[in-house]
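Next comes data.pdb, with PDB, C-alpha atoms.
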```pdb
ATOM      1  CA  MET C 220      12.016 -29.759   0.542
ATOM      2  CA  ASP C 221      13.751 -29.747   3.881
ATOM      3  CA  GLY C 222      14.470 -26.800   6.117
ATOM      4  CA  ILE C 223      18.156 -26.667   5.269
ATOM      5  CA  ALA C 224      17.550 -26.205   1.549
ATOM      6  CA  LEU C 225      15.095 -23.439   2.346
ATOM      7  CA  SER C 226      17.515 -21.673   4.690
ATOM      8  CA  LYS C 227      19.092 -19.612   1.944
ATOM      9  CA  TYR C 228      15.801 -17.723   1.549
ATOM     10  CA  LEU C 229      15.511 -17.033   5.256
ATOM     11  CA  PRO C 230      14.916 -14.947   7.225
ATOM     12  CA  LEU C 231      12.457 -13.118   4.996
ATOM     13  CA  SER C 232      12.156  -9.397   5.552
ATOM     14  CA  GLU C 233       8.828  -8.313   6.978
ATOM     15  CA  ALA C 234       7.958  -6.812   3.597
ATOM     16  CA  SER C 235       8.822  -9.961   1.597
ATOM     17  CA  PHE C 236       6.958 -12.117   4.093
ATOM     18  CA  TYR C 237       3.755 -10.135   3.611
ATOM     19  CA  VAL C 238       4.189  -9.808  -0.147
ATOM     20  CA  LEU C 239       4.425 -13.609  -0.424
ATOM     21  CA  ILE C 240       1.338 -14.144   1.715
ATOM     22  CA  ALA C 241      -0.576 -11.533  -0.270
ATOM     23  CA  LEU C 242       0.309 -13.448  -3.435
ATOM     24  CA  SER C 243      -1.363 -16.644  -2.282
ATOM     25  CA  GLU C 244      -4.042 -15.216  -4.554
ATOM     26  CA  GLU C 245      -3.075 -13.705  -7.867
ATOM     27  CA  SER C 246      -2.590  -9.936  -7.470
ATOM     28  CA  HIS C 247      -0.921  -6.969  -9.146
ATOM     29  CA  GLY C 248       1.276  -4.325  -7.534
ATOM     30  CA  TYR C 249      -1.116  -1.837  -6.007
ATOM     31  CA  ALA C 250      -3.468  -4.588  -4.789
ATOM     32  CA  VAL C 251      -0.511  -6.160  -2.973
ATOM     33  CA  MET C 252       0.352  -2.825  -1.330
ATOM     34  CA  GLN C 253      -3.207  -2.493  -0.033
ATOM     35  CA  LYS C 254      -3.457  -6.100   1.116
ATOM     36  CA  VAL C 255      -0.171  -5.932   3.006
ATOM     37  CA  GLU C 256      -1.185  -2.755   4.777
ATOM     38  CA  SER C 257      -4.517  -4.172   5.912
ATOM     39  CA  MET C 258      -3.197  -7.665   6.786
ATOM     40  CA  SER C 259      -0.404  -6.224   8.922
ATOM     41  CA  GLU C 260      -2.882  -3.884  10.608
ATOM     42  CA  GLY C 261      -0.921  -0.926   9.292
ATOM     43  CA  ASN C 262       2.418  -2.142  10.655
ATOM     44  CA  VAL C 263       3.923  -2.784   7.259
ATOM     45  CA  VAL C 264       3.525  -0.201   4.526
ATOM     46  CA  ILE C 265       5.378  -0.893   1.299
ATOM     47  CA  GLY C 266       6.416   1.916  -1.027
ATOM     48  CA  PRO C 267       6.153   1.402  -4.789
ATOM     49  CA  GLY C 268       9.925   1.350  -5.322
ATOM     50  CA  THR C 269      10.377  -1.294  -2.660
ATOM     51  CA  LEU C 270       7.529  -3.388  -4.026
ATOM     52  CA  TYR C 271       8.824  -3.284  -7.593
ATOM     53  CA  GLY C 272      12.234  -4.431  -6.356
ATOM     54  CA  ALA C 273      10.641  -7.182  -4.246
ATOM     55  CA  PHE C 274       8.743  -8.502  -7.281
ATOM     56  CA  VAL C 275      11.942  -8.600  -9.344
ATOM     57  CA  THR C 276      13.905 -10.378  -6.597
ATOM     58  CA  LEU C 277      11.196 -12.847  -5.574
ATOM     59  CA  GLU C 278      10.531 -13.743  -9.209
ATOM     60  CA  LYS C 279      14.242 -14.298  -9.802
ATOM     61  CA  GLN C 280      14.321 -16.565  -6.718
ATOM     62  CA  ASN C 281      11.331 -18.420  -8.144
ATOM     63  CA  LEU C 282       9.234 -17.743  -5.031
ATOM     64  CA  ILE C 283       6.569 -16.021  -7.127
ATOM     65  CA  LYS C 284       5.674 -16.249 -10.793
ATOM     66  CA  LYS C 285       4.119 -13.832 -13.238
ATOM     67  CA  VAL C 286       0.705 -15.092 -14.321
ATOM     68  CA  LYS C 287      -0.758 -12.176 -16.225
ATOM     69  CA  GLU C 288       0.191  -8.877 -17.790
ATOM     70  CA  GLU C 289      -2.486  -6.436 -18.799
ATOM     71  CA  ASN C 290      -2.904  -2.659 -18.792
ATOM     72  CA  ARG C 291       0.762  -2.310 -17.844
ATOM     73  CA  ARG C 292       0.116  -4.303 -14.669
ATOM     74  CA  LYS C 293       1.830  -7.588 -13.931
ATOM     75  CA  SER C 294       0.014 -10.049 -11.720
ATOM     76  CA  TYR C 295       1.936 -12.575  -9.698
ATOM     77  CA  LEU C 296       1.165 -15.755  -7.803
ATOM     78  CA  LEU C 297       3.005 -17.639  -5.072
ATOM     79  CA  THR C 298       4.904 -20.720  -6.325
ATOM     80  CA  GLU C 299       5.217 -24.078  -4.546
ATOM     81  CA  LEU C 300       8.716 -23.082  -3.469
ATOM     82  CA  GLY C 301       7.363 -19.774  -2.173
ATOM     83  CA  ARG C 302       4.747 -21.633  -0.174
ATOM     84  CA  ALA C 303       7.408 -23.929   1.338
ATOM     85  CA  VAL C 304       9.532 -20.924   2.297
ATOM     86  CA  ILE C 305       6.584 -19.198   3.999
ATOM     87  CA  ILE C 306       5.774 -22.371   5.957
ATOM     88  CA  GLU C 307       9.390 -22.789   7.064
ATOM     89  CA  GLN C 308       9.612 -19.120   8.068
ATOM     90  CA  THR C 309       6.379 -19.354  10.035
ATOM     91  CA  GLN C 310       7.578 -22.436  11.916
ATOM     92  CA  ARG C 311      10.741 -20.602  12.896
ATOM     93  CA  LEU C 312       8.726 -17.577  14.000
ATOM     94  CA  GLU C 313       6.566 -19.827  16.129
ATOM     95  CA  ILE C 314       9.618 -21.240  17.866
ATOM     96  CA  MET C 315      10.839 -17.692  18.475
ATOM     97  CA  SER C 316       7.527 -16.536  19.860
ATOM     98  CA  ARG C 317       7.184 -19.682  22.021
ATOM     99  CA  ASN C 318      10.570 -18.912  23.568
ATOM    100  CA  ALA C 319       9.478 -15.414  24.486
ATOM    101  CA  ARG C 320       6.023 -16.344  25.772
ATOM    102  CA  HIS C 321       7.125 -16.806  29.377
ATOM    103  CA  LEU C 322       7.953 -13.101  29.509
ATOM    104  CA  PHE C 323       4.268 -12.431  28.945
ATOM    105  CA  SER C 324       2.980 -14.800  31.623
ATOM    106  CA  SER C 325       5.415 -13.661  34.321
ATOM    107  CA  SER C 326       4.559 -10.005  33.882
ATOM    108  CA  GLN C 327       0.891 -10.354  32.994
ATOM    109  CA  GLN C 328      -0.909 -12.648  35.421
ATOM    110  CA  GLY C 329      -3.645 -14.836  34.068
ATOM    111  CA  GLU C 330      -2.297 -14.836  30.501
ATOM    112  CA  ALA C 331      -2.473 -18.332  29.009
ATOM    113  CA  THR C 332       0.890 -19.747  28.060
TER     114      THR C 332
ATOM    115  CA  MET X 175      -3.037  32.282 -21.012
ATOM    116  CA  LYS X 176       0.363  30.947 -21.776
ATOM    117  CA  ASP X 177       2.249  29.078 -19.109
ATOM    118  CA  THR X 178       5.295  30.802 -17.750
ATOM    119  CA  VAL X 179       8.282  28.521 -17.994
ATOM    120  CA  ILE X 180      11.345  29.183 -15.895
ATOM    121  CA  LYS X 181      14.741  27.624 -16.477
ATOM    122  CA  LYS X 182      17.235  26.948 -13.752
ATOM    123  CA  TYR X 183      20.606  25.280 -13.690
ATOM    124  CA  LYS X 184      21.635  23.140 -10.789
ATOM    125  CA  PHE X 185      24.500  20.726 -10.681
ATOM    126  CA  TRP X 186      24.385  17.747  -8.336
ATOM    127  CA  TRP X 187      26.308  14.568  -7.737
ATOM    128  CA  PRO X 188      24.533  11.199  -7.864
ATOM    129  CA  TRP X 189      24.986  10.658  -4.126
ATOM    130  CA  GLN X 190      23.288  13.995  -3.374
ATOM    131  CA  ASP X 191      19.888  12.896  -4.609
ATOM    132  CA  ASN X 192      18.218  13.687  -1.272
ATOM    133  CA  ARG X 193      19.398  17.272  -1.487
ATOM    134  CA  GLN X 194      18.056  17.479  -5.011
ATOM    135  CA  GLU X 195      14.667  16.229  -3.812
ATOM    136  CA  LEU X 196      14.573  18.953  -1.172
ATOM    137  CA  TRP X 197      15.498  21.577  -3.746
ATOM    138  CA  LEU X 198      12.606  20.505  -5.978
ATOM    139  CA  GLN X 199      10.281  20.557  -2.961
ATOM    140  CA  ASP X 200      11.369  24.121  -2.158
ATOM    141  CA  MET X 201      10.709  25.112  -5.748
ATOM    142  CA  ALA X 202       7.170  23.678  -5.610
ATOM    143  CA  ARG X 203       6.575  25.546  -2.370
ATOM    144  CA  ASN X 204       7.374  28.710  -4.309
ATOM    145  CA  GLY X 205       5.006  27.755  -7.113
ATOM    146  CA  LEU X 206       7.622  26.347  -9.477
ATOM    147  CA  HIS X 207       6.662  22.874 -10.641
ATOM    148  CA  LEU X 208       9.182  20.740 -12.435
ATOM    149  CA  GLN X 209       8.333  20.125 -16.057
ATOM    150  CA  GLY X 210      11.484  18.723 -17.547
ATOM    151  CA  ALA X 211      15.214  18.384 -17.196
ATOM    152  CA  ASN X 212      18.196  17.564 -19.320
ATOM    153  CA  LEU X 213      21.618  16.111 -18.708
ATOM    154  CA  PHE X 214      23.242  19.526 -18.650
ATOM    155  CA  CYS X 215      21.567  20.182 -15.314
ATOM    156  CA  ARG X 216      18.964  22.426 -16.880
ATOM    157  CA  TYR X 217      15.606  22.234 -15.157
ATOM    158  CA  THR X 218      12.429  23.764 -16.526
ATOM    159  CA  PHE X 219       9.640  24.725 -14.179
ATOM    160  CA  LYS X 220       6.075  25.763 -14.831
ATOM    161  CA  LYS X 221       4.906  28.670 -12.714
ATOM    162  CA  GLY X 222       1.714  27.962 -10.777
ATOM    163  CA  GLU X 223       0.192  27.922  -7.328
ATOM    164  CA  PRO X 224       2.538  27.120  -4.436
ATOM    165  CA  GLN X 225       2.061  23.511  -3.404
ATOM    166  CA  GLU X 226       3.433  21.116  -0.850
ATOM    167  CA  THR X 227       4.914  18.413  -3.039
ATOM    168  CA  THR X 228       7.120  15.477  -2.217
ATOM    169  CA  TYR X 229       9.727  14.665  -4.828
ATOM    170  CA  ARG X 230      11.540  11.339  -4.898
ATOM    171  CA  LEU X 231      14.321  10.175  -7.173
ATOM    172  CA  ASP X 232      14.803   6.578  -8.141
ATOM    173  CA  PHE X 233      17.643   5.266 -10.236
ATOM    174  CA  LEU X 234      16.543   2.508 -12.581
ATOM    175  CA  ASP X 235      18.020   2.485 -16.022
ATOM    176  CA  SER X 236      15.889  -0.451 -17.164
ATOM    177  CA  ALA X 237      12.613   1.271 -16.242
ATOM    178  CA  LYS X 238      11.706   2.149 -19.806
ATOM    179  CA  LYS X 239      11.734  -1.534 -20.718
ATOM    180  CA  ASP X 240       9.123  -2.373 -18.111
ATOM    181  CA  ALA X 241       5.880  -0.405 -18.090
ATOM    182  CA  SER X 242       4.742  -2.193 -14.928
ATOM    183  CA  TYR X 243       7.382  -0.219 -12.994
ATOM    184  CA  TYR X 244       5.607   3.048 -13.774
ATOM    185  CA  GLN X 245       2.156   1.566 -13.230
ATOM    186  CA  ILE X 246       2.861   0.490  -9.642
ATOM    187  CA  PHE X 247       3.888   4.057  -8.768
ATOM    188  CA  ILE X 248       0.996   5.637 -10.674
ATOM    189  CA  ASP X 249      -1.542   3.342  -8.980
ATOM    190  CA  ALA X 250      -0.080   4.383  -5.633
ATOM    191  CA  GLY X 251      -0.707   8.046  -6.491
ATOM    192  CA  TRP X 252       2.690   9.120  -7.822
ATOM    193  CA  GLU X 253       3.286  11.198 -10.928
ATOM    194  CA  HIS X 254       6.272  10.518 -13.157
ATOM    195  CA  VAL X 255       7.874  13.818 -14.130
ATOM    196  CA  VAL X 256      10.936  12.900 -16.161
ATOM    197  CA  ASP X 257      13.401  10.136 -16.950
ATOM    198  CA  LEU X 258      16.830  11.699 -16.767
ATOM    199  CA  ASN X 259      19.220   9.117 -18.141
ATOM    200  CA  GLY X 260      18.020   6.445 -15.724
ATOM    201  CA  TRP X 261      16.996   8.822 -12.943
ATOM    202  CA  GLN X 262      13.260   8.561 -12.439
ATOM    203  CA  VAL X 263      11.807  11.724 -10.956
ATOM    204  CA  TRP X 264       8.561  11.081  -9.079
ATOM    205  CA  ARG X 265       6.319  13.447  -7.181
ATOM    206  CA  ILE X 266       3.189  13.323  -5.111
ATOM    207  CA  ARG X 267       1.072  16.157  -3.762
ATOM    208  CA  SER X 268       1.544  16.203  -0.025
ATOM    209  CA  ALA X 269      -1.945  17.657   0.465
ATOM    210  CA  ASN X 270      -3.787  14.362   0.019
ATOM    211  CA  ASN X 271      -1.598  12.712   2.545
ATOM    212  CA  GLN X 272      -3.313   9.345   2.793
ATOM    213  CA  HIS X 273      -0.638   8.284   0.390
ATOM    214  CA  LEU X 274       2.725   7.301   1.583
ATOM    215  CA  ASP X 275       5.399   9.832   0.718
ATOM    216  CA  GLU X 276       8.303   7.389   0.470
ATOM    217  CA  ILE X 277       8.997   5.193  -2.518
ATOM    218  CA  PHE X 278      11.420   2.974  -0.594
ATOM    219  CA  THR X 279      10.312   1.594   2.742
ATOM    220  CA  ASP X 280      13.143  -0.721   3.720
ATOM    221  CA  THR X 281      16.915  -0.595   3.942
ATOM    222  CA  GLN X 282      17.457  -3.244   1.310
ATOM    223  CA  SER X 283      15.608  -1.321  -1.393
ATOM    224  CA  LYS X 284      17.143   2.017  -0.366
ATOM    225  CA  ILE X 285      20.570   0.451  -0.798
ATOM    226  CA  GLY X 286      19.437  -1.217  -4.024
ATOM    227  CA  LYS X 287      19.089   2.168  -5.683
ATOM    228  CA  TYR X 288      22.689   3.112  -4.883
ATOM    229  CA  LYS X 289      23.923  -0.308  -5.937
ATOM    230  CA  ARG X 290      22.358   0.153  -9.372
ATOM    231  CA  MET X 291      24.070   3.530  -9.518
ATOM    232  CA  LEU X 292      27.364   1.958  -8.485
ATOM    233  CA  THR X 293      27.094  -0.637 -11.256
ATOM    234  CA  GLN X 294      26.521   2.075 -13.845
ATOM    235  CA  VAL X 295      29.443   4.219 -12.664
ATOM    236  CA  SER X 296      31.719   1.176 -12.363
ATOM    237  CA  LEU X 297      30.983   0.185 -15.961
ATOM    238  CA  ALA X 298      31.996   3.638 -17.146
ATOM    239  CA  PHE X 299      35.051   3.433 -14.892
ATOM    240  CA  VAL X 300      36.172   0.122 -16.389
ATOM    241  CA  ALA X 301      35.468   1.249 -19.959
ATOM    242  CA  LEU X 302      37.394   4.485 -19.558
ATOM    243  CA  GLY X 303      40.105   2.826 -17.506
ATOM    244  CA  SER X 304      40.806   0.196 -20.123
ATOM    245  CA  CYS X 305      41.103   2.996 -22.699
ATOM    246  CA  ILE X 306      43.557   5.021 -20.673
ATOM    247  CA  TRP X 307      45.698   2.031 -19.742
ATOM    248  CA  ASN X 308      45.707   0.656 -23.218
ATOM    249  CA  PRO X 309      49.462   0.801 -24.013
ATOM    250  CA  ARG X 310      48.899   1.774 -27.621
ATOM    251  CA  ILE X 311      46.777   4.762 -26.725
ATOM    252  CA  TYR X 312      49.250   5.722 -24.073
ATOM    253  CA  GLU X 313      52.072   5.568 -26.593
ATOM    254  CA  LEU X 314      50.087   7.622 -29.043
ATOM    255  CA  LEU X 315      49.487  10.255 -26.411
ATOM    256  CA  VAL X 316      53.122  10.443 -25.382
ATOM    257  CA  ASN X 317      54.710  10.273 -28.820
ATOM    258  CA  ASP X 318      52.367  12.607 -30.650
ATOM    259  CA  ALA X 319      52.097  15.027 -27.815
ATOM    260  CA  ASP X 320      50.328  17.723 -29.750
ATOM    261  CA  PHE X 321      47.649  19.897 -28.248
ATOM    262  CA  ILE X 322      44.644  17.804 -29.354
ATOM    263  CA  HIS X 323      46.056  14.586 -27.938
ATOM    264  CA  MET X 324      47.063  16.262 -24.711
ATOM    265  CA  ALA X 325      43.630  17.821 -24.369
ATOM    266  CA  PHE X 326      41.921  14.476 -24.908
ATOM    267  CA  GLY X 327      44.293  12.853 -22.491
ATOM    268  CA  ALA X 328      43.629  15.487 -19.856
ATOM    269  CA  ILE X 329      39.844  15.157 -20.253
ATOM    270  CA  ALA X 330      40.035  11.362 -20.048
ATOM    271  CA  VAL X 331      42.203  11.450 -16.931
ATOM    272  CA  SER X 332      39.989  14.043 -15.184
ATOM    273  CA  LEU X 333      36.908  12.016 -16.022
ATOM    274  CA  PHE X 334      38.626   8.967 -14.618
ATOM    275  CA  ILE X 335      39.339  10.793 -11.378
ATOM    276  CA  VAL X 336      35.724  12.005 -11.182
ATOM    277  CA  LEU X 337      34.480   8.443 -11.689
ATOM    278  CA  SER X 338      36.782   7.051  -9.010
ATOM    279  CA  TYR X 339      35.626   9.740  -6.602
ATOM    280  CA  SER X 340      31.980   8.971  -7.437
ATOM    281  CA  ILE X 341      32.454   5.286  -6.739
ATOM    282  CA  ILE X 342      33.912   6.081  -3.328
ATOM    283  CA  ARG X 343      31.134   8.543  -2.471
ATOM    284  CA  ILE X 344      28.327   6.192  -3.549
ATOM    285  CA  TYR X 345      29.944   3.406  -1.580
ATOM    286  CA  ILE X 346      30.089   5.659   1.490
ATOM    287  CA  ARG X 347      26.399   6.510   1.005
ATOM    288  CA  ILE X 348      25.540   2.778   0.980
ATOM    289  CA  ARG X 349      27.492   2.280   4.180
ATOM    290  CA  GLU X 350      25.724   5.221   5.838
ATOM    291  CA  ILE X 351      22.303   3.767   5.037
ATOM    292  CA  ARG X 352      23.348   0.338   6.259
ATOM    293  CA  GLN X 353      24.680   1.763   9.534
ATOM    294  CA  ALA X 354      21.607   3.932  10.074
ATOM    295  CA  SER X 355      19.459   0.817   9.938
ATOM    296  CA  VAL X 356      21.327  -1.175  12.564
TER     297      VAL X 356
END
```

Hey, can you dump this file as structure tokens for me?
Amino acid sequence: MDGIALSKYLPLSEASFYVLIALSEESHGYAVMQKVESMSEGNVVIGPGTLYGAFVTLEKQNLIKKVKEENRRKSYLLTELGRAVIIEQTQRLEIMSRNARHLFSSSQQGEAT
Amino acid sequence: MKDTVIKKYKFWWPWQDNRQELWLQDMARNGLHLQGANLFCRYTFKKGEPQETTYRLDFLDSAKKDASYYQIFIDAGWEHVVDLNGWQVWRIRSANNQHLDEIFTDTQSKIGKYKRMLTQVSLAFVALGSCIWNPRIYELLVNDADFIHMAFGAIAVSLFIVLSYSIIRIYIRIREIRQASV
């Protein structure tokens, strides 16, 4: 799928971005909360209400799918569409960060650009 | 020893949920821990040790149809106290503060709660509105203007005004949250 078709899902919020990455392996709610917190080095903490809402929305958008339901816990997995959206988002983020890189090298000497 | 149960009445509007949370937190600080509540604003508290507790209210009418909703909160350390007609009352002891004490961590989901509320109130608004503006009912009210009809009419119209006001206030709340995030 091309970038234009994926545009309607973008930009992903920081929370959705991490939730999708965390679901590259099948996980349930609390596991996702923990993974996101550790992956983002504590920058992104997701509350349970926000996570529940994210699951509902992302499932509706077909970016994740429910793969299991046991002990009142639903486990989800990233879909192909979800994967494409993450890749597109990451490419855009790379362009953004590339454009800002020169600010690093002009203020911090010796930093590789 | 039997638990001492204390009843209190406190009215609040749906857009004042933060104030209600603070009230419950104050109660817990004084050793009164919420046990139950009903729609007539009656709250029952169990008397115990004073405790720093964070209360959070979510509005999700469909929660009872999806057990996974509760499980995510419970796994994250929250305790479900009561479902009050779609209002989910959650609490967490602030003492073991490794846990996060917010249930919503971004603007979108904070607004989502008020949007669900708005949908609910709007449905009631439309239902009641279509009753009041139904010409036949209107005719009935005007022609048979006895006390019962007038009373019903007055209640319906006041309720309609309350609903309109609620819609405006919830909408303002949504706008406040959106502006605070910019």

Select, as a PyMOL selection string, those residues of chain X with any atom no more than 10 Å from chain C (distances computed using only C-alpha atoms). chain X and resi 232-234+240-252+273-284+286-287

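A straight line drawn from atom CA of Lys227 of chain C to atom CA of Val304 of chain C is 9.7 Å long.
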
Measure the distance from atom CA of Arg352 of chain X to atom CA of Tyr288 of chain X in Å and round it to one decimal. 11.5 Å

List the residues sitting within 12 Å of (9.9, 17.8, -5.8) in the file's frame, using all atoms listed in the file, as a PyMOL selection string. chain X and resi 191-210+217+219+224-231+252-256+262-268+275

Can you write just those residues out, C-alpha atoms, as a PDB file, in the coordinates of the input?
```
ATOM      1  CA  ASP X 191      19.888  12.896  -4.609  1.00  0.00           C
ATOM      2  CA  ASN X 192      18.218  13.687  -1.272  1.00  0.00           C
ATOM      3  CA  ARG X 193      19.398  17.272  -1.487  1.00  0.00           C
ATOM      4  CA  GLN X 194      18.056  17.479  -5.011  1.00  0.00           C
ATOM      5  CA  GLU X 195      14.667  16.229  -3.812  1.00  0.00           C
ATOM      6  CA  LEU X 196      14.573  18.953  -1.172  1.00  0.00           C
ATOM      7  CA  TRP X 197      15.498  21.577  -3.746  1.00  0.00           C
ATOM      8  CA  LEU X 198      12.606  20.505  -5.978  1.00  0.00           C
ATOM      9  CA  GLN X 199      10.281  20.557  -2.961  1.00  0.00           C
ATOM     10  CA  ASP X 200      11.369  24.121  -2.158  1.00  0.00           C
ATOM     11  CA  MET X 201      10.709  25.112  -5.748  1.00  0.00           C
ATOM     12  CA  ALA X 202       7.170  23.678  -5.610  1.00  0.00           C
ATOM     13  CA  ARG X 203       6.575  25.546  -2.370  1.00  0.00           C
ATOM     14  CA  ASN X 204       7.374  28.710  -4.309  1.00  0.00           C
ATOM     15  CA  GLY X 205       5.006  27.755  -7.113  1.00  0.00           C
ATOM     16  CA  LEU X 206       7.622  26.347  -9.477  1.00  0.00           C
ATOM     17  CA  HIS X 207       6.662  22.874 -10.641  1.00  0.00           C
ATOM     18  CA  LEU X 208       9.182  20.740 -12.435  1.00  0.00           C
ATOM     19  CA  GLN X 209       8.333  20.125 -16.057  1.00  0.00           C
ATOM     20  CA  GLY X 210      11.484  18.723 -17.547  1.00  0.00           C
ATOM     21  CA  TYR X 217      15.606  22.234 -15.157  1.00  0.00           C
ATOM     22  CA  PHE X 219       9.640  24.725 -14.179  1.00  0.00           C
ATOM     23  CA  PRO X 224       2.538  27.120  -4.436  1.00  0.00           C
ATOM     24  CA  GLN X 225       2.061  23.511  -3.404  1.00  0.00           C
ATOM     25  CA  GLU X 226       3.433  21.116  -0.850  1.00  0.00           C
ATOM     26  CA  THR X 227       4.914  18.413  -3.039  1.00  0.00           C
ATOM     27  CA  THR X 228       7.120  15.477  -2.217  1.00  0.00           C
ATOM     28  CA  TYR X 229       9.727  14.665  -4.828  1.00  0.00           C
ATOM     29  CA  ARG X 230      11.540  11.339  -4.898  1.00  0.00           C
ATOM     30  CA  LEU X 231      14.321  10.175  -7.173  1.00  0.00           C
ATOM     31  CA  TRP X 252       2.690   9.120  -7.822  1.00  0.00           C
ATOM     32  CA  GLU X 253       3.286  11.198 -10.928  1.00  0.00           C
ATOM     33  CA  HIS X 254       6.272  10.518 -13.157  1.00  0.00           C
ATOM     34  CA  VAL X 255       7.874  13.818 -14.130  1.00  0.00           C
ATOM     35  CA  VAL X 256      10.936  12.900 -16.161  1.00  0.00           C
ATOM     36  CA  GLN X 262      13.260   8.561 -12.439  1.00  0.00           C
ATOM     37  CA  VAL X 263      11.807  11.724 -10.956  1.00  0.00           C
ATOM     38  CA  TRP X 264       8.561  11.081  -9.079  1.00  0.00           C
ATOM     39  CA  ARG X 265       6.319  13.447  -7.181  1.00  0.00           C
ATOM     40  CA  ILE X 266       3.189  13.323  -5.111  1.00  0.00           C
ATOM     41  CA  ARG X 267       1.072  16.157  -3.762  1.00  0.00           C
ATOM     42  CA  SER X 268       1.544  16.203  -0.025  1.00  0.00           C
ATOM     43  CA  ASP X 275       5.399   9.832   0.718  1.00  0.00           C
TER      44      ASP X 275
END
```

Provide the atom CA of Leu258 of chain X to atom CA of Gln353 of chain X distance in Å, to one decimal place.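 Going from atom CA of Leu258 of chain X over to atom CA of Gln353 of chain X covers 29.2 Å.
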
Please list as a list in words every residue within 8 Å of Asp235 of chain X, counting only C-alpha atoms and excluding residues in the same chain fewer than 6 positions away. Asn259, Gly260 and Trp261 of chain X

Could you write out the selected residues, including C-alpha atoms, as an mmCIF file, in the coordinates of the input?
```cif
data_model
loop_
_atom_site.group_PDB
_atom_site.id
_atom_site.type_symbol
_atom_site.label_atom_id
_atom_site.label_comp_id
_atom_site.auth_asym_id
_atom_site.auth_seq_id
_atom_site.Cartn_x
_atom_site.Cartn_y
_atom_site.Cartn_z
ATOM 1 C CA ASN X 259 19.220 9.117 -18.141
ATOM 2 C CA GLY X 260 18.020 6.445 -15.724
ATOM 3 C CA TRP X 261 16.996 8.822 -12.943
#
```

Which residue, C:Ile283, C:Ala319, C:Val275, C:Ile306, has the smallest gap to Pro230 of chain C when you use only C-alpha atoms? C:Ile306

With all atoms of segment 254-268 of chain X from the file as input, state the centre and edge lengths in Å to one decimal of the axis-aligned box that has 6 Å extra on each side, as lines of an AutoDock Vina configuration file.
```
center_x = 10.1
center_y = 11.3
center_z = -9.1
size_x = 30.1
size_y = 21.8
size_z = 30.1
```

Target residues per the PyMOL selection byres ((chain X and resi 296-302) around 12), formatted as a PyMOL selection string: chain X and resi 288-295+303-308+311+327+329-342+344-345

Return the single residue from X:Ala237, X:Glu350, X:Lys182, X:Trp189 that is closest to Lys220 of chain X, with distances computed using all atoms listed in the file.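 Comparing X:Ala237, X:Glu350, X:Lys182, X:Trp189 against Lys220 of chain X, the winner is X:Lys182.
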
Go through the shown structure with the PyMOL selection byres ((chain X and resi 214) around 9) and write out the matching residues as a list in words. Tyr183, Lys184, Phe185, Ala211, Asn212, Leu213, Cys215, Arg216 and Tyr217 of chain X
